[in-house]
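Everything on this sheet refers to the single structure shown next.
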Number of protein chains: 2
Amino acid sequence: MARVLVVDDDPTVREVVVSYLRAADHEVIEAGDGEEALVLHRGEHPDLVVLDLMLPGIDGIEVCRRMRLGGDIPIIMLTALGDEADRVVGLEIGADDYVTKPFSPRELALRVDSVLRRSTVPATTQRLEDGDLLVDEAAHTAFRAGEPLALTGREFDLLRFLIAHPGRAFSRDELLEQVWGWSFGDHSTVTVHVRRLREKIEEDPTHPVRLQTVWGVGYRWEASP
Amino acid sequence: MARVLVVDDDPTVREVVVSYLRAADHEVIEAGDGEEALVLHRGEHPDLVVLDLMLPGIDGIEVCRRMRLGGDIPIIMLTALGDEADRVVGLEIGADDYVTKPFSPRELALRVDSVLRRSTVPATTQRLEDGDLLVDEAAHTAFRAGEPLALTGREFDLLRFLIAHPGRAFSRDELLEQVWGWSFGDHSTVTVHVRRLREKIEEDPTHPVRLQTVWGVGYRWEASP
DNA sequence: GGCCGTTGTCATGAGTTCGTAAGGGATTCA
DNA sequence: TGAATCCCTTACGAACTCATGACAACGGCC
């Protein structure tokens, strides 16, 4: 339910943590060192960071400090077992929680949930991707090849719904129901909005590739290969 | 600093913990079993509880549950080392933190401080930066390119919140909730304050770059590149 | 008390978005 | 081939949203 950035230089540790967090329905992005972590933090706006204290290059403490400058983000520290000094440092610089290595992945997942729960702003938004298209629900913005698209509210809702349900054809009635929240309505409403959306996301709006017409039925989102 | 209730059936453990917490300027009250703990919790209203999981009579889990019924009080669990089941249980029933026995009293004292800090002041930072903007929370002052900005109280709160959560769209209701602390209110209050803030931080307030409008939704802080 | 800055509310106007209608083109089927 | 159906495109007014300026209430300070 949230976007989590996992920072650890050990790929094995990352793999385990990532798989557990994904199983808990979180979107996960990874970094292997401090520099990469800071770049991802700036660019991806994760909801929470799981951060190893011992990192090559910029160490975890410095990463934590710099992330804190860029925004109010919860951080869970990973520290070596028994190294009390490390743990003390972690708490002093204001990590929201920490877990000692070796740790149980299940416990870490619980900590993540716990920290998210007491976070001031609920993190319940995920991002949807399809090829070079990206729908960021938290930012309420869609991007094509990294460039933000100037979508209106309805267009954004429509795109979000279609990308979330690729490969399936929806009738206009279904779209009115799912996107507009109407139980009845004029079909042309859908038609026109589809056209407007195509105008903004299709390479050649006259010959749509992603938002395809299904004759006699409605429309279908064709996922990128 | 705070009133802490220490619950453990071992008088030696209590004595060590208590002396350390007193050294850290906390007021400490003690209980040797679950029943006594619940009575003191009800009567003395401590700010935080350090609770042994293994107790004669009513066990720690039950004590924790009942205390939670009586209010949102931070609880730190004491558990046996390596007993992951206990730790997981502790987290699941909502302990804010735990410490494994044998533990360093100094670390416990730090944990107490840490939990108190995040329960009273939820994960706030001292300084926030975004491009040439700087928010100094301690001084309650914001700067642009080193020059202090003449912000009013509300404007400062609004700016701090937005910079702390960059790249995310907030509805007016959410902003009223997060910045004003209101659960309901007039949307125009937000609109007007956004306008006033833009007047002071945007290069061209008519065409805002950082504090952007998200049509039909609310506003979003655009982090500088 | 009087002055001043802050704050919340309101009215107004400008700008944006949305739904609908209508005409023309495309597709299907007899 | 022709008719019927479905879809695309365009245009336009209504409804909505936001920005702006003004104003009164409130509290601090002299």
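Labeling convention for the structure tokens: chains A, B, ... as they appear, residues from 1 per chain, ligands from 1 in order of appearance.
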
Task: Ordered Cα pairing of chain A with chain B, RMSD after least-squares superposition - done: 15.2 Å

- [ ] Mind listing the strand (DSSP E) residues of chain B, per DSSP on the backbone, as a PyMOL selection string?
- [x] chain B and resi 3-7+27-31+48-52+75-80+97-101+127-130+133-136+141-144+147-148+169-171+211-214+218-221

Deliver the residues from the most recent selection as a file, using C-alpha atoms, as a PDB file, in the first residue's frame.
```
ATOM      1  CA  ARG B   3       6.561   9.886  33.983  1.00  0.00           C
ATOM      2  CA  VAL B   4       7.537   6.303  33.177  1.00  0.00           C
ATOM      3  CA  LEU B   5       5.930   3.155  34.566  1.00  0.00           C
ATOM      4  CA  VAL B   6       8.360   0.213  34.793  1.00  0.00           C
ATOM      5  CA  VAL B   7       6.775  -3.239  35.046  1.00  0.00           C
ATOM      6  CA  GLU B  27       9.992  10.369  36.999  1.00  0.00           C
ATOM      7  CA  VAL B  28       9.645   6.623  37.553  1.00  0.00           C
ATOM      8  CA  ILE B  29       6.950   4.484  39.155  1.00  0.00           C
ATOM      9  CA  GLU B  30       7.240   0.702  39.516  1.00  0.00           C
ATOM     10  CA  ALA B  31       5.051  -2.374  39.408  1.00  0.00           C
ATOM     11  CA  LEU B  48       5.151   5.738  28.842  1.00  0.00           C
ATOM     12  CA  VAL B  49       5.305   2.123  30.014  1.00  0.00           C
ATOM     13  CA  VAL B  50       8.284  -0.255  30.028  1.00  0.00           C
ATOM     14  CA  LEU B  51       6.656  -3.656  30.199  1.00  0.00           C
ATOM     15  CA  ASP B  52       8.075  -7.147  30.707  1.00  0.00           C
ATOM     16  CA  ILE B  75       4.643   0.926  25.428  1.00  0.00           C
ATOM     17  CA  ILE B  76       8.124  -0.581  25.235  1.00  0.00           C
ATOM     18  CA  MET B  77       8.208  -4.369  25.595  1.00  0.00           C
ATOM     19  CA  LEU B  78      10.950  -6.335  27.301  1.00  0.00           C
ATOM     20  CA  THR B  79      11.376  -9.781  25.741  1.00  0.00           C
ATOM     21  CA  ALA B  80      13.726 -12.734  25.974  1.00  0.00           C
ATOM     22  CA  ASP B  97       9.146  -0.767  20.539  1.00  0.00           C
ATOM     23  CA  TYR B  98      10.824  -3.651  22.269  1.00  0.00           C
ATOM     24  CA  VAL B  99      14.149  -4.442  23.886  1.00  0.00           C
ATOM     25  CA  THR B 100      15.598  -7.927  24.218  1.00  0.00           C
ATOM     26  CA  LYS B 101      16.995  -9.222  27.459  1.00  0.00           C
ATOM     27  CA  ARG B 127      15.502  21.889   8.911  1.00  0.00           C
ATOM     28  CA  LEU B 128      14.035  21.429   5.478  1.00  0.00           C
ATOM     29  CA  GLU B 129      15.514  22.517   2.176  1.00  0.00           C
ATOM     30  CA  ASP B 130      14.201  22.857  -1.317  1.00  0.00           C
ATOM     31  CA  LEU B 133      14.278  27.788   0.116  1.00  0.00           C
ATOM     32  CA  LEU B 134      15.122  26.791   3.656  1.00  0.00           C
ATOM     33  CA  VAL B 135      12.756  26.156   6.543  1.00  0.00           C
ATOM     34  CA  ASP B 136      14.230  26.329  10.003  1.00  0.00           C
ATOM     35  CA  THR B 141      11.688  31.069  10.125  1.00  0.00           C
ATOM     36  CA  ALA B 142      11.927  30.464   6.407  1.00  0.00           C
ATOM     37  CA  PHE B 143      14.627  31.793   4.109  1.00  0.00           C
ATOM     38  CA  ARG B 144      14.862  32.352   0.388  1.00  0.00           C
ATOM     39  CA  GLU B 147      17.145  36.150   3.088  1.00  0.00           C
ATOM     40  CA  PRO B 148      14.522  35.621   5.769  1.00  0.00           C
ATOM     41  CA  ALA B 169      -1.177  16.487  -4.247  1.00  0.00           C
ATOM     42  CA  PHE B 170      -3.259  17.411  -1.202  1.00  0.00           C
ATOM     43  CA  SER B 171      -6.906  18.307  -1.213  1.00  0.00           C
ATOM     44  CA  LEU B 211       3.178  25.697  -5.248  1.00  0.00           C
ATOM     45  CA  GLN B 212       1.072  24.363  -8.061  1.00  0.00           C
ATOM     46  CA  THR B 213      -2.665  24.020  -8.434  1.00  0.00           C
ATOM     47  CA  VAL B 214      -4.011  20.556  -9.199  1.00  0.00           C
ATOM     48  CA  GLY B 218      -5.994  20.774  -4.519  1.00  0.00           C
ATOM     49  CA  TYR B 219      -2.365  21.801  -4.437  1.00  0.00           C
ATOM     50  CA  ARG B 220       1.031  20.201  -4.840  1.00  0.00           C
ATOM     51  CA  TRP B 221       4.549  21.267  -3.939  1.00  0.00           C
TER      52      TRP B 221
END
```

Quick one: contact table of chain D to chain A, 12 Å max, nearest atom pair and distance in Å to one decimal per residue, counting only C-alpha atoms (C1' of nucleotides), chain and number order, as CSV?
```
residue,atom,partner,partner_atom,distance
D:DT5,C1',A:Gly216,CA,9.1
D:DC6,C1',A:Gly216,CA,6.8
D:DC7,C1',A:Thr191,CA,8.2
D:DC8,C1',A:Arg195,CA,8.0
D:DT9,C1',A:Arg195,CA,8.6
D:DT10,C1',A:Val192,CA,10.3
D:DT17,C1',A:Gly153,CA,11.7
```

Once you have the residues from the selection above, write them out as a PDB file, in the first residue's frame, restricted to C-alpha atoms (C1' of nucleotides).
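The file below, selection-v6.pdb, is the result:
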```pdb
ATOM      1  C1'  DT D   5     -25.138   0.783 -37.118  1.00  0.00           C
ATOM      2  C1'  DC D   6     -21.408   2.391 -34.724  1.00  0.00           C
ATOM      3  C1'  DC D   7     -17.719   5.578 -34.040  1.00  0.00           C
ATOM      4  C1'  DC D   8     -15.004   9.985 -34.663  1.00  0.00           C
ATOM      5  C1'  DT D   9     -14.775  14.795 -34.674  1.00  0.00           C
ATOM      6  C1'  DT D  10     -16.063  19.406 -33.726  1.00  0.00           C
ATOM      7  C1'  DT D  17     -13.131  25.739  -9.964  1.00  0.00           C
TER       8       DT D  17
END
```

- [ ] Using only C-alpha atoms (C1' of nucleotides), find which residues of chain C lie within 8 Å of chain A and jot them down as a PyMOL selection string.
- [x] chain C and resi 17+19-20

Selected residues written out with N, CA and C atoms (P, O5', C5', C4', C3', O3' and C1' of nucleotides), as a PDB file, in the first residue's frame:
```pdb
ATOM      1  P    DT C  17      -8.482  22.414 -17.792  1.00  0.00           P
ATOM      2  O5'  DT C  17      -9.879  21.690 -17.527  1.00  0.00           O
ATOM      3  C5'  DT C  17     -10.410  21.703 -16.210  1.00  0.00           C
ATOM      4  C4'  DT C  17     -11.823  21.179 -16.228  1.00  0.00           C
ATOM      5  C3'  DT C  17     -12.030  19.904 -17.048  1.00  0.00           C
ATOM      6  O3'  DT C  17     -12.690  18.946 -16.252  1.00  0.00           O
ATOM      7  C1'  DT C  17     -13.639  21.540 -17.632  1.00  0.00           C
ATOM      8  P    DG C  19     -18.578  14.770 -17.475  1.00  0.00           P
ATOM      9  O5'  DG C  19     -19.912  14.952 -18.316  1.00  0.00           O
ATOM     10  C5'  DG C  19     -20.978  15.671 -17.728  1.00  0.00           C
ATOM     11  C4'  DG C  19     -21.907  16.202 -18.803  1.00  0.00           C
ATOM     12  C3'  DG C  19     -22.460  15.134 -19.743  1.00  0.00           C
ATOM     13  O3'  DG C  19     -23.867  15.255 -19.780  1.00  0.00           O
ATOM     14  C1'  DG C  19     -21.487  16.898 -20.992  1.00  0.00           C
ATOM     15  P    DT C  20     -24.742  14.179 -20.571  1.00  0.00           P
ATOM     16  O5'  DT C  20     -25.178  14.942 -21.893  1.00  0.00           O
ATOM     17  C5'  DT C  20     -25.641  16.275 -21.782  1.00  0.00           C
ATOM     18  C4'  DT C  20     -25.732  16.905 -23.155  1.00  0.00           C
ATOM     19  C3'  DT C  20     -26.290  15.982 -24.239  1.00  0.00           C
ATOM     20  O3'  DT C  20     -27.431  16.592 -24.814  1.00  0.00           O
ATOM     21  C1'  DT C  20     -24.315  17.075 -24.985  1.00  0.00           C
TER      22       DT C  20
END
```

TODO: Select from segment 19-208 of chain A everything DSSP, run on the backbone, classes as alpha helix (DSSP H), then give the selection as a count of residues only.
DONE: 81

Write down, as an mmCIF file with C-alpha atoms, in the first residue's frame, each residue of chain A that has any atom within 9 Å of an atom of chain B, counting only C-alpha atoms.
```cif
data_model
loop_
_atom_site.group_PDB
_atom_site.id
_atom_site.type_symbol
_atom_site.label_atom_id
_atom_site.label_comp_id
_atom_site.auth_asym_id
_atom_site.auth_seq_id
_atom_site.Cartn_x
_atom_site.Cartn_y
_atom_site.Cartn_z
ATOM 1 C CA ARG A 42 14.594 12.904 -4.662
ATOM 2 C CA GLY A 43 13.101 11.517 -7.822
ATOM 3 C CA GLU A 44 10.651 8.877 -6.659
ATOM 4 C CA HIS A 45 9.270 10.336 -3.435
ATOM 5 C CA ARG A 68 15.509 14.491 6.302
ATOM 6 C CA LEU A 69 16.466 17.813 4.759
ATOM 7 C CA GLY A 70 14.448 17.005 1.676
ATOM 8 C CA GLY A 71 11.225 16.075 3.397
ATOM 9 C CA ASP A 72 9.468 14.460 6.295
ATOM 10 C CA ILE A 73 10.038 10.803 5.473
ATOM 11 C CA PRO A 74 9.928 7.865 7.905
ATOM 12 C CA GLU A 84 25.230 -0.687 20.602
ATOM 13 C CA ARG A 87 22.037 1.676 17.467
ATOM 14 C CA VAL A 88 22.540 4.626 19.722
ATOM 15 C CA LEU A 91 18.281 6.685 17.470
ATOM 16 C CA GLU A 92 20.074 9.941 18.071
ATOM 17 C CA GLY A 94 16.195 10.462 14.595
ATOM 18 C CA ALA A 95 15.448 7.270 12.746
ATOM 19 C CA ASP A 96 11.822 6.374 13.289
ATOM 20 C CA ASP A 97 12.676 2.805 14.098
ATOM 21 C CA SER A 104 13.425 -11.663 10.579
ATOM 22 C CA ARG A 106 8.475 -10.786 8.807
ATOM 23 C CA GLU A 107 9.368 -8.568 11.718
ATOM 24 C CA LEU A 110 5.568 -5.462 10.659
ATOM 25 C CA ARG A 111 7.793 -2.544 11.594
ATOM 26 C CA SER A 114 3.719 0.090 12.244
ATOM 27 C CA ARG A 118 1.733 6.342 12.903
ATOM 28 C CA SER A 119 2.892 8.482 10.001
ATOM 29 C CA THR A 120 0.967 11.732 9.797
ATOM 30 C CA VAL A 121 0.055 11.475 6.143
ATOM 31 C CA ASP A 136 1.435 8.770 -10.086
ATOM 32 C CA GLU A 137 -1.666 8.803 -7.948
ATOM 33 C CA ALA A 138 -0.037 10.623 -5.055
ATOM 34 C CA ALA A 139 1.065 13.467 -7.279
ATOM 35 C CA HIS A 140 -2.158 13.136 -9.246
ATOM 36 C CA THR A 141 -0.088 13.460 -12.380
ATOM 37 C CA THR A 152 -7.884 17.100 -16.807
ATOM 38 C CA GLY A 153 -9.500 15.377 -13.875
#
```

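Taking atom CA of Gly32 of chain A as the reference point, atom CA of Arg14 of chain A is found at 8.5 Å.
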
- [ ] May I have the residues within 9 Å of Val63 of chain B as a PyMOL selection string, using only C-alpha atoms (C1' of nucleotides) and disregarding those fewer than 5 positions away in the same chain?
- [x] chain B and resi 34-35+37-38+51+53+58+68

For the selection just defined, write its residues with N, CA and C atoms to a file, as a short mmCIF file (atom, residue, chain, number, x, y, z; two decimals), in the first residue's frame.
```cif
data_model
loop_
_atom_site.label_atom_id
_atom_site.label_comp_id
_atom_site.auth_asym_id
_atom_site.auth_seq_id
_atom_site.Cartn_x
_atom_site.Cartn_y
_atom_site.Cartn_z
N GLY B 34 1.27 -7.68 36.80
CA GLY B 34 0.34 -7.07 35.87
C GLY B 34 -0.79 -6.30 36.54
N GLU B 35 -1.29 -6.86 37.60
CA GLU B 35 -2.41 -6.22 38.29
C GLU B 35 -2.01 -4.84 38.83
N ALA B 37 0.41 -3.09 37.81
CA ALA B 37 0.68 -2.22 36.67
C ALA B 37 -0.59 -1.54 36.18
N LEU B 38 -1.65 -2.32 36.07
CA LEU B 38 -2.91 -1.76 35.57
C LEU B 38 -3.48 -0.72 36.53
N LEU B 51 7.46 -2.51 29.76
CA LEU B 51 6.66 -3.66 30.20
C LEU B 51 7.32 -4.99 29.88
N LEU B 53 7.33 -8.83 29.16
CA LEU B 53 6.33 -9.70 28.54
C LEU B 53 5.94 -10.84 29.48
N ILE B 58 -1.48 -11.84 35.40
CA ILE B 58 -1.81 -11.31 34.07
C ILE B 58 -0.52 -11.09 33.29
N ARG B 68 -4.04 -0.31 26.38
CA ARG B 68 -4.41 0.33 25.13
C ARG B 68 -5.89 0.68 25.09
#
```
